[in-house]
$ cat target02.txt   # compact mmCIF, N, CA and C atoms
# COMPACT_ATOMS: atom_id res chain seq x y z
N MET A 1 2.78 22.16 -85.21
CA MET A 1 3.15 23.52 -84.90
C MET A 1 3.94 24.11 -86.07
N LYS A 2 3.51 25.26 -86.55
CA LYS A 2 4.19 25.92 -87.66
C LYS A 2 5.33 26.76 -87.12
N CYS A 3 6.50 26.58 -87.70
CA CYS A 3 7.66 27.37 -87.32
C CYS A 3 7.61 28.72 -88.02
N THR A 4 8.12 29.73 -87.36
CA THR A 4 8.13 31.07 -87.92
C THR A 4 9.47 31.33 -88.59
N MET A 5 9.40 31.75 -89.82
CA MET A 5 10.60 32.12 -90.55
C MET A 5 10.98 33.54 -90.17
N ARG A 6 12.25 33.75 -89.91
CA ARG A 6 12.79 35.10 -89.69
C ARG A 6 13.31 35.63 -91.01
N ILE A 7 13.06 36.89 -91.29
CA ILE A 7 13.63 37.53 -92.47
C ILE A 7 14.71 38.48 -91.99
N GLU A 8 15.93 38.24 -92.48
CA GLU A 8 17.08 39.04 -92.08
C GLU A 8 17.74 39.63 -93.31
N ARG A 9 18.54 40.65 -93.08
CA ARG A 9 19.33 41.23 -94.16
C ARG A 9 20.54 40.34 -94.43
N PHE A 10 21.06 40.45 -95.62
CA PHE A 10 22.22 39.67 -96.04
C PHE A 10 23.35 39.78 -95.03
N SER A 11 23.98 38.65 -94.78
CA SER A 11 25.15 38.57 -93.92
C SER A 11 26.25 37.87 -94.71
N PRO A 12 27.43 38.50 -94.84
CA PRO A 12 28.52 37.88 -95.61
C PRO A 12 28.88 36.47 -95.12
N GLN A 13 28.67 36.20 -93.85
CA GLN A 13 28.98 34.88 -93.32
C GLN A 13 28.11 33.79 -93.94
N LEU A 14 26.97 34.17 -94.49
CA LEU A 14 26.05 33.20 -95.09
C LEU A 14 26.12 33.18 -96.62
N ALA A 15 27.07 33.90 -97.20
CA ALA A 15 27.15 34.03 -98.66
C ALA A 15 27.22 32.68 -99.37
N TYR A 16 28.05 31.78 -98.89
CA TYR A 16 28.19 30.47 -99.54
C TYR A 16 26.89 29.68 -99.44
N GLU A 17 26.29 29.67 -98.24
CA GLU A 17 25.03 28.94 -98.04
C GLU A 17 23.92 29.50 -98.93
N ILE A 18 23.88 30.83 -99.06
CA ILE A 18 22.87 31.47 -99.90
C ILE A 18 23.06 31.06 -101.36
N LYS A 19 24.29 31.13 -101.85
CA LYS A 19 24.55 30.77 -103.24
C LYS A 19 24.19 29.31 -103.50
N GLU A 20 24.56 28.42 -102.62
CA GLU A 20 24.25 27.00 -102.80
C GLU A 20 22.74 26.76 -102.79
N MET A 21 22.03 27.45 -101.91
CA MET A 21 20.57 27.31 -101.84
C MET A 21 19.92 27.78 -103.14
N VAL A 22 20.31 28.96 -103.63
CA VAL A 22 19.73 29.50 -104.86
C VAL A 22 20.04 28.59 -106.04
N LEU A 23 21.28 28.16 -106.17
CA LEU A 23 21.64 27.29 -107.29
C LEU A 23 20.92 25.95 -107.21
N GLY A 24 20.69 25.46 -106.00
CA GLY A 24 19.93 24.22 -105.82
C GLY A 24 18.49 24.37 -106.28
N VAL A 25 17.87 25.49 -105.95
CA VAL A 25 16.49 25.74 -106.38
C VAL A 25 16.44 25.87 -107.91
N LEU A 26 17.39 26.59 -108.48
CA LEU A 26 17.42 26.72 -109.94
C LEU A 26 17.55 25.34 -110.60
N ALA A 27 18.44 24.52 -110.08
CA ALA A 27 18.67 23.19 -110.66
C ALA A 27 17.41 22.33 -110.60
N GLU A 28 16.71 22.36 -109.47
CA GLU A 28 15.51 21.52 -109.36
C GLU A 28 14.38 22.03 -110.24
N GLN A 29 14.43 23.31 -110.64
CA GLN A 29 13.43 23.88 -111.55
C GLN A 29 13.84 23.67 -113.01
N GLY A 30 15.02 23.06 -113.22
CA GLY A 30 15.47 22.78 -114.57
C GLY A 30 16.30 23.87 -115.21
N PHE A 31 16.79 24.82 -114.40
CA PHE A 31 17.61 25.91 -114.92
C PHE A 31 19.07 25.66 -114.57
N ASP A 32 19.93 25.78 -115.55
CA ASP A 32 21.35 25.57 -115.35
C ASP A 32 22.01 26.81 -114.78
N PHE A 33 23.12 26.61 -114.09
CA PHE A 33 23.95 27.71 -113.61
C PHE A 33 24.46 28.48 -114.82
N ASP A 34 24.32 29.80 -114.78
CA ASP A 34 24.79 30.66 -115.86
C ASP A 34 25.79 31.63 -115.25
N PRO A 35 27.09 31.48 -115.56
CA PRO A 35 28.11 32.33 -114.94
C PRO A 35 27.85 33.83 -115.09
N GLU A 36 27.20 34.22 -116.19
CA GLU A 36 26.91 35.64 -116.40
C GLU A 36 25.69 36.07 -115.59
N LYS A 37 24.57 35.37 -115.76
CA LYS A 37 23.32 35.73 -115.06
C LYS A 37 23.45 35.56 -113.54
N ASP A 38 24.24 34.60 -113.11
CA ASP A 38 24.31 34.28 -111.69
C ASP A 38 25.54 34.88 -111.00
N SER A 39 26.24 35.79 -111.68
CA SER A 39 27.44 36.40 -111.09
C SER A 39 27.13 37.24 -109.86
N ASP A 40 25.89 37.72 -109.73
CA ASP A 40 25.51 38.50 -108.55
C ASP A 40 25.69 37.70 -107.26
N LEU A 41 25.61 36.38 -107.36
CA LEU A 41 25.72 35.53 -106.17
C LEU A 41 27.15 35.48 -105.63
N ASP A 42 28.11 35.93 -106.43
CA ASP A 42 29.50 35.96 -105.97
C ASP A 42 29.84 37.26 -105.25
N ASP A 43 28.98 38.27 -105.37
CA ASP A 43 29.21 39.55 -104.70
C ASP A 43 27.85 40.18 -104.37
N ILE A 44 27.12 39.54 -103.48
CA ILE A 44 25.77 39.99 -103.14
C ILE A 44 25.78 41.42 -102.61
N ALA A 45 26.71 41.71 -101.71
CA ALA A 45 26.76 43.07 -101.14
C ALA A 45 27.03 44.10 -102.23
N GLY A 46 27.99 43.84 -103.09
CA GLY A 46 28.34 44.78 -104.14
C GLY A 46 27.24 44.96 -105.17
N TYR A 47 26.57 43.88 -105.52
CA TYR A 47 25.55 43.93 -106.56
C TYR A 47 24.25 44.55 -106.07
N TYR A 48 23.88 44.28 -104.85
CA TYR A 48 22.59 44.75 -104.34
C TYR A 48 22.73 45.90 -103.34
N ILE A 49 23.36 45.65 -102.24
CA ILE A 49 23.33 46.55 -101.09
C ILE A 49 24.12 47.84 -101.32
N ASP A 50 25.34 47.72 -101.84
CA ASP A 50 26.19 48.89 -102.02
C ASP A 50 25.62 49.90 -103.01
N ASP A 51 24.67 49.49 -103.82
CA ASP A 51 24.09 50.38 -104.82
C ASP A 51 22.65 50.78 -104.50
N GLY A 52 22.26 50.65 -103.23
CA GLY A 52 20.94 51.13 -102.83
C GLY A 52 19.84 50.09 -102.81
N GLY A 53 20.19 48.84 -102.97
CA GLY A 53 19.21 47.77 -102.91
C GLY A 53 19.31 47.01 -101.60
N MET A 54 18.76 45.79 -101.60
CA MET A 54 18.80 44.97 -100.38
C MET A 54 18.66 43.51 -100.78
N PHE A 55 19.23 42.65 -99.95
CA PHE A 55 19.13 41.20 -100.16
C PHE A 55 18.65 40.61 -98.84
N PHE A 56 17.49 39.96 -98.88
CA PHE A 56 16.90 39.38 -97.67
C PHE A 56 17.05 37.86 -97.70
N ILE A 57 17.19 37.29 -96.51
CA ILE A 57 17.24 35.84 -96.40
C ILE A 57 16.19 35.39 -95.39
N GLY A 58 15.54 34.29 -95.73
CA GLY A 58 14.57 33.67 -94.84
C GLY A 58 15.27 32.57 -94.07
N ILE A 59 15.18 32.63 -92.74
CA ILE A 59 15.88 31.67 -91.89
C ILE A 59 14.88 30.94 -91.01
N LEU A 60 15.02 29.63 -90.98
CA LEU A 60 14.18 28.77 -90.17
C LEU A 60 15.11 27.80 -89.44
N ASP A 61 15.08 27.84 -88.12
CA ASP A 61 15.97 26.98 -87.33
C ASP A 61 17.43 27.09 -87.78
N ARG A 62 17.91 28.28 -87.96
CA ARG A 62 19.30 28.58 -88.34
C ARG A 62 19.68 28.10 -89.74
N GLU A 63 18.70 27.77 -90.57
CA GLU A 63 18.95 27.33 -91.94
C GLU A 63 18.38 28.35 -92.91
N VAL A 64 19.17 28.70 -93.93
CA VAL A 64 18.69 29.58 -94.98
C VAL A 64 17.73 28.78 -95.85
N ILE A 65 16.46 29.19 -95.87
CA ILE A 65 15.47 28.45 -96.65
C ILE A 65 14.91 29.26 -97.81
N GLY A 66 15.23 30.57 -97.85
CA GLY A 66 14.70 31.39 -98.93
C GLY A 66 15.42 32.71 -99.07
N THR A 67 15.18 33.36 -100.21
CA THR A 67 15.81 34.65 -100.48
C THR A 67 14.84 35.58 -101.21
N ALA A 68 15.14 36.86 -101.16
CA ALA A 68 14.45 37.89 -101.93
C ALA A 68 15.40 39.08 -102.01
N ALA A 69 15.45 39.72 -103.17
CA ALA A 69 16.37 40.83 -103.34
C ALA A 69 15.70 41.99 -104.06
N VAL A 70 16.23 43.18 -103.79
CA VAL A 70 15.82 44.41 -104.48
C VAL A 70 17.10 45.02 -105.05
N ARG A 71 17.11 45.19 -106.36
CA ARG A 71 18.27 45.79 -107.03
C ARG A 71 17.88 47.15 -107.57
N ARG A 72 18.68 48.16 -107.25
CA ARG A 72 18.46 49.51 -107.76
C ARG A 72 18.79 49.54 -109.25
N VAL A 73 17.86 50.07 -110.06
CA VAL A 73 18.10 50.26 -111.49
C VAL A 73 18.55 51.70 -111.73
N ASP A 74 17.78 52.65 -111.16
CA ASP A 74 18.15 54.06 -111.17
C ASP A 74 17.45 54.73 -110.00
N ALA A 75 17.51 56.04 -109.91
CA ALA A 75 16.99 56.74 -108.73
C ALA A 75 15.53 56.42 -108.43
N GLY A 76 14.72 56.18 -109.45
CA GLY A 76 13.30 55.94 -109.22
C GLY A 76 12.82 54.54 -109.49
N LYS A 77 13.71 53.66 -109.92
CA LYS A 77 13.29 52.34 -110.37
C LYS A 77 14.16 51.24 -109.78
N CYS A 78 13.50 50.13 -109.41
CA CYS A 78 14.23 48.98 -108.90
C CYS A 78 13.64 47.70 -109.49
N GLU A 79 14.34 46.62 -109.27
CA GLU A 79 13.90 45.31 -109.73
C GLU A 79 13.92 44.34 -108.55
N ILE A 80 12.83 43.61 -108.36
CA ILE A 80 12.80 42.55 -107.35
C ILE A 80 13.35 41.30 -108.03
N ARG A 81 14.27 40.64 -107.34
CA ARG A 81 14.94 39.46 -107.91
C ARG A 81 15.11 38.40 -106.84
N ARG A 82 15.49 37.24 -107.29
CA ARG A 82 15.94 36.14 -106.42
C ARG A 82 14.93 35.71 -105.37
N ILE A 83 13.66 35.61 -105.78
CA ILE A 83 12.63 35.08 -104.88
C ILE A 83 12.70 33.55 -104.98
N TYR A 84 13.33 32.93 -104.00
CA TYR A 84 13.51 31.48 -104.00
C TYR A 84 13.24 30.91 -102.63
N VAL A 85 12.66 29.71 -102.62
CA VAL A 85 12.45 28.96 -101.37
C VAL A 85 12.81 27.51 -101.65
N LYS A 86 13.54 26.91 -100.71
CA LYS A 86 13.91 25.51 -100.85
C LYS A 86 12.65 24.66 -101.02
N GLN A 87 12.77 23.64 -101.82
CA GLN A 87 11.62 22.81 -102.19
C GLN A 87 10.85 22.29 -100.98
N GLU A 88 11.53 21.79 -99.98
CA GLU A 88 10.84 21.18 -98.84
C GLU A 88 10.10 22.18 -97.97
N PHE A 89 10.27 23.49 -98.25
CA PHE A 89 9.59 24.52 -97.46
C PHE A 89 8.54 25.28 -98.28
N ARG A 90 8.31 24.87 -99.50
CA ARG A 90 7.32 25.54 -100.35
C ARG A 90 5.90 25.18 -99.92
N GLY A 91 4.98 26.05 -100.30
CA GLY A 91 3.57 25.80 -100.01
C GLY A 91 3.17 26.20 -98.60
N ARG A 92 4.04 26.88 -97.90
CA ARG A 92 3.75 27.32 -96.53
C ARG A 92 3.68 28.84 -96.39
N GLY A 93 3.80 29.54 -97.52
CA GLY A 93 3.71 30.99 -97.50
C GLY A 93 5.02 31.72 -97.30
N TYR A 94 6.13 30.98 -97.22
CA TYR A 94 7.43 31.63 -96.99
C TYR A 94 7.85 32.47 -98.19
N GLY A 95 7.62 31.97 -99.39
CA GLY A 95 7.96 32.73 -100.59
C GLY A 95 7.18 34.03 -100.67
N LYS A 96 5.91 33.95 -100.33
CA LYS A 96 5.07 35.16 -100.33
C LYS A 96 5.56 36.16 -99.29
N GLN A 97 5.93 35.67 -98.10
CA GLN A 97 6.45 36.55 -97.06
C GLN A 97 7.71 37.27 -97.55
N LEU A 98 8.62 36.53 -98.16
CA LEU A 98 9.86 37.13 -98.66
C LEU A 98 9.57 38.14 -99.76
N PHE A 99 8.69 37.77 -100.68
CA PHE A 99 8.32 38.68 -101.76
C PHE A 99 7.71 39.96 -101.22
N LEU A 100 6.75 39.85 -100.31
CA LEU A 100 6.09 41.03 -99.76
C LEU A 100 7.05 41.90 -98.96
N HIS A 101 8.01 41.28 -98.31
CA HIS A 101 9.03 42.02 -97.57
C HIS A 101 9.87 42.85 -98.55
N ALA A 102 10.29 42.22 -99.64
CA ALA A 102 11.07 42.93 -100.66
C ALA A 102 10.23 44.02 -101.32
N LEU A 103 8.96 43.73 -101.59
CA LEU A 103 8.08 44.71 -102.21
C LEU A 103 7.87 45.92 -101.31
N SER A 104 7.73 45.68 -100.02
CA SER A 104 7.57 46.78 -99.07
C SER A 104 8.80 47.69 -99.08
N MET A 105 9.97 47.10 -99.06
CA MET A 105 11.20 47.88 -99.12
C MET A 105 11.26 48.66 -100.43
N ALA A 106 10.95 47.98 -101.55
CA ALA A 106 10.99 48.62 -102.86
C ALA A 106 10.03 49.80 -102.94
N ARG A 107 8.82 49.61 -102.44
CA ARG A 107 7.81 50.69 -102.48
C ARG A 107 8.22 51.89 -101.65
N SER A 108 8.96 51.68 -100.59
CA SER A 108 9.34 52.80 -99.73
C SER A 108 10.52 53.60 -100.28
N HIS A 109 11.20 53.08 -101.30
CA HIS A 109 12.37 53.76 -101.84
C HIS A 109 12.30 54.10 -103.33
N TYR A 110 11.36 53.50 -104.05
CA TYR A 110 11.31 53.66 -105.50
C TYR A 110 9.88 53.90 -105.97
N SER A 111 9.74 54.54 -107.14
CA SER A 111 8.41 54.80 -107.68
C SER A 111 7.98 53.75 -108.71
N VAL A 112 8.92 52.99 -109.24
CA VAL A 112 8.63 51.93 -110.19
C VAL A 112 9.35 50.67 -109.74
N VAL A 113 8.61 49.56 -109.71
CA VAL A 113 9.18 48.27 -109.33
C VAL A 113 8.96 47.30 -110.49
N THR A 114 10.02 46.64 -110.91
CA THR A 114 9.92 45.66 -111.98
C THR A 114 10.37 44.30 -111.46
N LEU A 115 10.05 43.28 -112.23
CA LEU A 115 10.57 41.94 -111.96
C LEU A 115 10.32 41.10 -113.19
N LYS A 116 10.98 39.96 -113.24
CA LYS A 116 10.75 39.04 -114.35
C LYS A 116 10.79 37.62 -113.81
N THR A 117 10.09 36.74 -114.53
CA THR A 117 10.07 35.33 -114.14
C THR A 117 9.77 34.48 -115.36
N ASP A 118 9.98 33.21 -115.21
CA ASP A 118 9.68 32.26 -116.26
C ASP A 118 8.18 31.96 -116.22
N ARG A 119 7.54 31.93 -117.38
CA ARG A 119 6.09 31.71 -117.43
C ARG A 119 5.68 30.36 -116.85
N SER A 120 6.62 29.40 -116.78
CA SER A 120 6.29 28.08 -116.24
C SER A 120 6.09 28.11 -114.72
N LEU A 121 6.50 29.18 -114.07
CA LEU A 121 6.37 29.29 -112.61
C LEU A 121 5.02 29.94 -112.27
N GLY A 122 3.97 29.17 -112.48
CA GLY A 122 2.60 29.66 -112.36
C GLY A 122 2.25 30.29 -111.02
N ARG A 123 2.70 29.70 -109.94
CA ARG A 123 2.38 30.26 -108.62
C ARG A 123 3.01 31.64 -108.43
N ALA A 124 4.23 31.80 -108.93
CA ALA A 124 4.89 33.10 -108.84
C ALA A 124 4.16 34.12 -109.71
N VAL A 125 3.82 33.75 -110.93
CA VAL A 125 3.10 34.65 -111.83
C VAL A 125 1.79 35.10 -111.18
N SER A 126 1.05 34.18 -110.61
CA SER A 126 -0.20 34.50 -109.95
C SER A 126 0.01 35.47 -108.78
N MET A 127 1.04 35.22 -107.98
CA MET A 127 1.32 36.09 -106.82
C MET A 127 1.65 37.51 -107.29
N TYR A 128 2.41 37.64 -108.35
CA TYR A 128 2.78 38.97 -108.84
C TYR A 128 1.55 39.71 -109.37
N LEU A 129 0.70 39.01 -110.12
CA LEU A 129 -0.51 39.64 -110.65
C LEU A 129 -1.44 40.05 -109.51
N LYS A 130 -1.60 39.20 -108.50
CA LYS A 130 -2.47 39.52 -107.36
C LYS A 130 -1.93 40.68 -106.55
N SER A 131 -0.63 40.94 -106.64
CA SER A 131 0.00 42.03 -105.90
C SER A 131 -0.02 43.35 -106.67
N GLY A 132 -0.68 43.35 -107.84
CA GLY A 132 -0.85 44.58 -108.59
C GLY A 132 0.10 44.77 -109.75
N PHE A 133 0.99 43.83 -109.97
CA PHE A 133 1.90 43.93 -111.11
C PHE A 133 1.16 43.62 -112.41
N SER A 134 1.65 44.19 -113.50
CA SER A 134 1.12 43.90 -114.83
C SER A 134 2.25 43.37 -115.69
N VAL A 135 1.91 42.46 -116.61
CA VAL A 135 2.89 41.98 -117.57
C VAL A 135 3.05 43.09 -118.61
N VAL A 136 4.29 43.56 -118.78
CA VAL A 136 4.54 44.64 -119.73
C VAL A 136 5.27 44.17 -120.97
N ARG A 137 5.82 42.94 -120.91
CA ARG A 137 6.54 42.41 -122.06
C ARG A 137 6.73 40.91 -121.90
N GLU A 138 6.78 40.24 -123.02
CA GLU A 138 7.08 38.81 -123.03
C GLU A 138 8.23 38.58 -123.99
N ASP A 139 9.15 37.73 -123.59
CA ASP A 139 10.29 37.38 -124.45
C ASP A 139 10.50 35.88 -124.32
N GLY A 140 9.93 35.13 -125.25
CA GLY A 140 9.99 33.68 -125.14
C GLY A 140 9.23 33.22 -123.90
N ASP A 141 9.92 32.52 -123.02
CA ASP A 141 9.30 32.04 -121.79
C ASP A 141 9.42 33.02 -120.63
N THR A 142 10.03 34.18 -120.86
CA THR A 142 10.23 35.15 -119.78
C THR A 142 9.13 36.21 -119.82
N LEU A 143 8.53 36.43 -118.66
CA LEU A 143 7.52 37.49 -118.49
C LEU A 143 8.14 38.63 -117.70
N PHE A 144 7.91 39.85 -118.16
CA PHE A 144 8.42 41.05 -117.49
C PHE A 144 7.24 41.78 -116.88
N PHE A 145 7.35 42.11 -115.58
CA PHE A 145 6.28 42.75 -114.83
C PHE A 145 6.71 44.14 -114.36
N ARG A 146 5.69 44.96 -114.07
CA ARG A 146 5.94 46.31 -113.57
C ARG A 146 4.76 46.76 -112.73
N ILE A 147 5.09 47.56 -111.72
CA ILE A 147 4.06 48.24 -110.94
C ILE A 147 4.58 49.64 -110.64
N ASP A 148 3.71 50.64 -110.78
CA ASP A 148 4.05 52.01 -110.39
C ASP A 148 3.49 52.24 -109.00
N VAL A 149 4.34 52.73 -108.11
CA VAL A 149 3.90 52.90 -106.70
C VAL A 149 3.84 54.34 -106.30
$ encode --input "target02.txt" --output "structure tokens"
Amino acid sequence: MKCTMRIERFSPQLAYEIKEMVLGVLAEQGFDFDPEKDSDLDDIAGYYIDDGGMFFIGILDREVIGTAAVRRVDAGKCEIRRIYVKQEFRGRGYGKQLFLHALSMARSHYSVVTLKTDRSLGRAVSMYLKSGFSVVREDGDTLFFRIDV
């Protein structure tokens, strides 16, 4: 029997669990904690929600198993960030659900949606391309995507 993941909006009570989950996923992918790049995890509400974005969490049996975020860049543009799923829950479509949820929110509020990812994350790259995004720039191992909605 497949369990259904619930997608909820960020709750400050889960801030520590969310940060630990994201940092755990980064570590298993070979990415180190970066105090500058990862500072958003110390103030999720301030970085995302208070400025017109959103931070979603995927919950399965009361456990945070994934995340997806939309960060406002300016009045017409946003960036999808923090698409992560715990390793033991990958391959079940949860990451895609979180991504599509964030994309739906982004499309309803912004005319341009961007995102970036490491080129080594092939499944993510494929999902973004299949969703209509185009690679607009490459910088080393980082791919930058964009879609006009």
$ closest_residue --input "target02.txt" --among "A:Met127, A:Glu8, A:Ser134, A:Thr117" --to "Gly58 in chain A" --atoms "all atoms listed in the file"
A:Glu8
$ residues_around --input "target02.txt" --residues "range 18-26 of chain A" --least-positions-apart "5" --cutoff "7 Å" --atoms "all atoms listed in the file" --output "ChimeraX atom specification"
/A:31-33,41,64,84-87
$ residues_near_point --input "target02.txt" --point "(15.4, 34.7, -97.0)" --cutoff "8 Å" --atoms "all atoms listed in the file" --output "VMD selection string"
chain A and resid 6 to 9 55 to 60 64 to 69 84 to 85 94 98
$ closest_residue --input "target02.txt" --among "A:Asp118, A:Ile147, A:Arg81, A:Ile49" --to "Ser131 in chain A" --atoms "only N, CA and C atoms"
A:Ile147
$ select_by_dssp --input "target02.txt" --residues "range 17-120 of chain A" --states "helix (DSSP H, G or I)" --output "PyMOL selection string"
chain A and resi 17-28+39-42+44-47+49-51+87-89+94-109
$ select_by_dssp --input "target02.txt" --residues "chain A" --states "strand (DSSP E)" --output "short mmCIF file (atom, residue, chain, number, x, y, z; two decimals) with N, CA and C atoms, in the coordinates of the input"
data_model
loop_
_atom_site.label_atom_id
_atom_site.label_comp_id
_atom_site.auth_asym_id
_atom_site.auth_seq_id
_atom_site.Cartn_x
_atom_site.Cartn_y
_atom_site.Cartn_z
N ARG A 6 12.25 33.75 -89.91
CA ARG A 6 12.79 35.10 -89.69
C ARG A 6 13.31 35.63 -91.01
N ILE A 7 13.06 36.89 -91.29
CA ILE A 7 13.63 37.53 -92.47
C ILE A 7 14.71 38.48 -91.99
N GLU A 8 15.93 38.24 -92.48
CA GLU A 8 17.08 39.04 -92.08
C GLU A 8 17.74 39.63 -93.31
N ARG A 9 18.54 40.65 -93.08
CA ARG A 9 19.33 41.23 -94.16
C ARG A 9 20.54 40.34 -94.43
N MET A 54 18.76 45.79 -101.60
CA MET A 54 18.80 44.97 -100.38
C MET A 54 18.66 43.51 -100.78
N PHE A 55 19.23 42.65 -99.95
CA PHE A 55 19.13 41.20 -100.16
C PHE A 55 18.65 40.61 -98.84
N PHE A 56 17.49 39.96 -98.88
CA PHE A 56 16.90 39.38 -97.67
C PHE A 56 17.05 37.86 -97.70
N ILE A 57 17.19 37.29 -96.51
CA ILE A 57 17.24 35.84 -96.40
C ILE A 57 16.19 35.39 -95.39
N GLY A 58 15.54 34.29 -95.73
CA GLY A 58 14.57 33.67 -94.84
C GLY A 58 15.27 32.57 -94.07
N ILE A 59 15.18 32.63 -92.74
CA ILE A 59 15.88 31.67 -91.89
C ILE A 59 14.88 30.94 -91.01
N LEU A 60 15.02 29.63 -90.98
CA LEU A 60 14.18 28.77 -90.17
C LEU A 60 15.11 27.80 -89.44
N GLU A 63 18.70 27.77 -90.57
CA GLU A 63 18.95 27.33 -91.94
C GLU A 63 18.38 28.35 -92.91
N VAL A 64 19.17 28.70 -93.93
CA VAL A 64 18.69 29.58 -94.98
C VAL A 64 17.73 28.78 -95.85
N ILE A 65 16.46 29.19 -95.87
CA ILE A 65 15.47 28.45 -96.65
C ILE A 65 14.91 29.26 -97.81
N GLY A 66 15.23 30.57 -97.85
CA GLY A 66 14.70 31.39 -98.93
C GLY A 66 15.42 32.71 -99.07
N THR A 67 15.18 33.36 -100.21
CA THR A 67 15.81 34.65 -100.48
C THR A 67 14.84 35.58 -101.21
N ALA A 68 15.14 36.86 -101.16
CA ALA A 68 14.45 37.89 -101.93
C ALA A 68 15.40 39.08 -102.01
N ALA A 69 15.45 39.72 -103.17
CA ALA A 69 16.37 40.83 -103.34
C ALA A 69 15.70 41.99 -104.06
N VAL A 70 16.23 43.18 -103.79
CA VAL A 70 15.82 44.41 -104.48
C VAL A 70 17.10 45.02 -105.05
N ARG A 71 17.11 45.19 -106.36
CA ARG A 71 18.27 45.79 -107.03
C ARG A 71 17.88 47.15 -107.57
N ARG A 72 18.68 48.16 -107.25
CA ARG A 72 18.46 49.51 -107.76
C ARG A 72 18.79 49.54 -109.25
N VAL A 73 17.86 50.07 -110.06
CA VAL A 73 18.10 50.26 -111.49
C VAL A 73 18.55 51.70 -111.73
N ASP A 74 17.78 52.65 -111.16
CA ASP A 74 18.15 54.06 -111.17
C ASP A 74 17.45 54.73 -110.00
N LYS A 77 13.71 53.66 -109.92
CA LYS A 77 13.29 52.34 -110.37
C LYS A 77 14.16 51.24 -109.78
N CYS A 78 13.50 50.13 -109.41
CA CYS A 78 14.23 48.98 -108.90
C CYS A 78 13.64 47.70 -109.49
N GLU A 79 14.34 46.62 -109.27
CA GLU A 79 13.90 45.31 -109.73
C GLU A 79 13.92 44.34 -108.55
N ILE A 80 12.83 43.61 -108.36
CA ILE A 80 12.80 42.55 -107.35
C ILE A 80 13.35 41.30 -108.03
N ARG A 81 14.27 40.64 -107.34
CA ARG A 81 14.94 39.46 -107.91
C ARG A 81 15.11 38.40 -106.84
N ARG A 82 15.49 37.24 -107.29
CA ARG A 82 15.94 36.14 -106.42
C ARG A 82 14.93 35.71 -105.37
N ILE A 83 13.66 35.61 -105.78
CA ILE A 83 12.63 35.08 -104.88
C ILE A 83 12.70 33.55 -104.98
N TYR A 84 13.33 32.93 -104.00
CA TYR A 84 13.51 31.48 -104.00
C TYR A 84 13.24 30.91 -102.63
N VAL A 85 12.66 29.71 -102.62
CA VAL A 85 12.45 28.96 -101.37
C VAL A 85 12.81 27.51 -101.65
N VAL A 112 8.92 52.99 -109.24
CA VAL A 112 8.63 51.93 -110.19
C VAL A 112 9.35 50.67 -109.74
N VAL A 113 8.61 49.56 -109.71
CA VAL A 113 9.18 48.27 -109.33
C VAL A 113 8.96 47.30 -110.49
N THR A 114 10.02 46.64 -110.91
CA THR A 114 9.92 45.66 -111.98
C THR A 114 10.37 44.30 -111.46
N LEU A 115 10.05 43.28 -112.23
CA LEU A 115 10.57 41.94 -111.96
C LEU A 115 10.32 41.10 -113.19
N LYS A 116 10.98 39.96 -113.24
CA LYS A 116 10.75 39.04 -114.35
C LYS A 116 10.79 37.62 -113.81
N THR A 117 10.09 36.74 -114.53
CA THR A 117 10.07 35.33 -114.14
C THR A 117 9.77 34.48 -115.36
N ASP A 118 9.98 33.21 -115.21
CA ASP A 118 9.68 32.26 -116.26
C ASP A 118 8.18 31.96 -116.22
N SER A 134 1.65 44.19 -113.50
CA SER A 134 1.12 43.90 -114.83
C SER A 134 2.25 43.37 -115.69
N VAL A 135 1.91 42.46 -116.61
CA VAL A 135 2.89 41.98 -117.57
C VAL A 135 3.05 43.09 -118.61
N VAL A 136 4.29 43.56 -118.78
CA VAL A 136 4.54 44.64 -119.73
C VAL A 136 5.27 44.17 -120.97
N ARG A 137 5.82 42.94 -120.91
CA ARG A 137 6.54 42.41 -122.06
C ARG A 137 6.73 40.91 -121.90
N GLU A 138 6.78 40.24 -123.02
CA GLU A 138 7.08 38.81 -123.03
C GLU A 138 8.23 38.58 -123.99
N ASP A 139 9.15 37.73 -123.59
CA ASP A 139 10.29 37.38 -124.45
C ASP A 139 10.50 35.88 -124.32
N THR A 142 10.03 34.18 -120.86
CA THR A 142 10.23 35.15 -119.78
C THR A 142 9.13 36.21 -119.82
N LEU A 143 8.53 36.43 -118.66
CA LEU A 143 7.52 37.49 -118.49
C LEU A 143 8.14 38.63 -117.70
N PHE A 144 7.91 39.85 -118.16
CA PHE A 144 8.42 41.05 -117.49
C PHE A 144 7.24 41.78 -116.88
N PHE A 145 7.35 42.11 -115.58
CA PHE A 145 6.28 42.75 -114.83
C PHE A 145 6.71 44.14 -114.36
N ARG A 146 5.69 44.96 -114.07
CA ARG A 146 5.94 46.31 -113.57
C ARG A 146 4.76 46.76 -112.73
N ILE A 147 5.09 47.56 -111.72
CA ILE A 147 4.06 48.24 -110.94
C ILE A 147 4.58 49.64 -110.64
N ASP A 148 3.71 50.64 -110.78
CA ASP A 148 4.05 52.01 -110.39
C ASP A 148 3.49 52.24 -109.00
#
$ atom_distance --input "target02.txt" --atom1 "CA of Tyr47 in chain A" --atom2 "CA of Gly30 in chain A"
24.8 Å
$ residues_around --input "target02.txt" --residues "Val135 in chain A" --least-positions-apart "3" --cutoff "8 Å" --atoms "only C-alpha atoms" --output "mmCIF file with N, CA and C atoms, in the frame of the given file"
data_model
loop_
_atom_site.group_PDB
_atom_site.id
_atom_site.type_symbol
_atom_site.label_atom_id
_atom_site.label_comp_id
_atom_site.auth_asym_id
_atom_site.auth_seq_id
_atom_site.Cartn_x
_atom_site.Cartn_y
_atom_site.Cartn_z
ATOM 1 N N GLU A 138 6.780 40.240 -123.020
ATOM 2 C CA GLU A 138 7.080 38.810 -123.030
ATOM 3 C C GLU A 138 8.230 38.580 -123.990
ATOM 4 N N LEU A 143 8.530 36.430 -118.660
ATOM 5 C CA LEU A 143 7.520 37.490 -118.490
ATOM 6 C C LEU A 143 8.140 38.630 -117.700
ATOM 7 N N PHE A 144 7.910 39.850 -118.160
ATOM 8 C CA PHE A 144 8.420 41.050 -117.490
ATOM 9 C C PHE A 144 7.240 41.780 -116.880
ATOM 10 N N PHE A 145 7.350 42.110 -115.580
ATOM 11 C CA PHE A 145 6.280 42.750 -114.830
ATOM 12 C C PHE A 145 6.710 44.140 -114.360
ATOM 13 N N ARG A 146 5.690 44.960 -114.070
ATOM 14 C CA ARG A 146 5.940 46.310 -113.570
ATOM 15 C C ARG A 146 4.760 46.760 -112.730
#
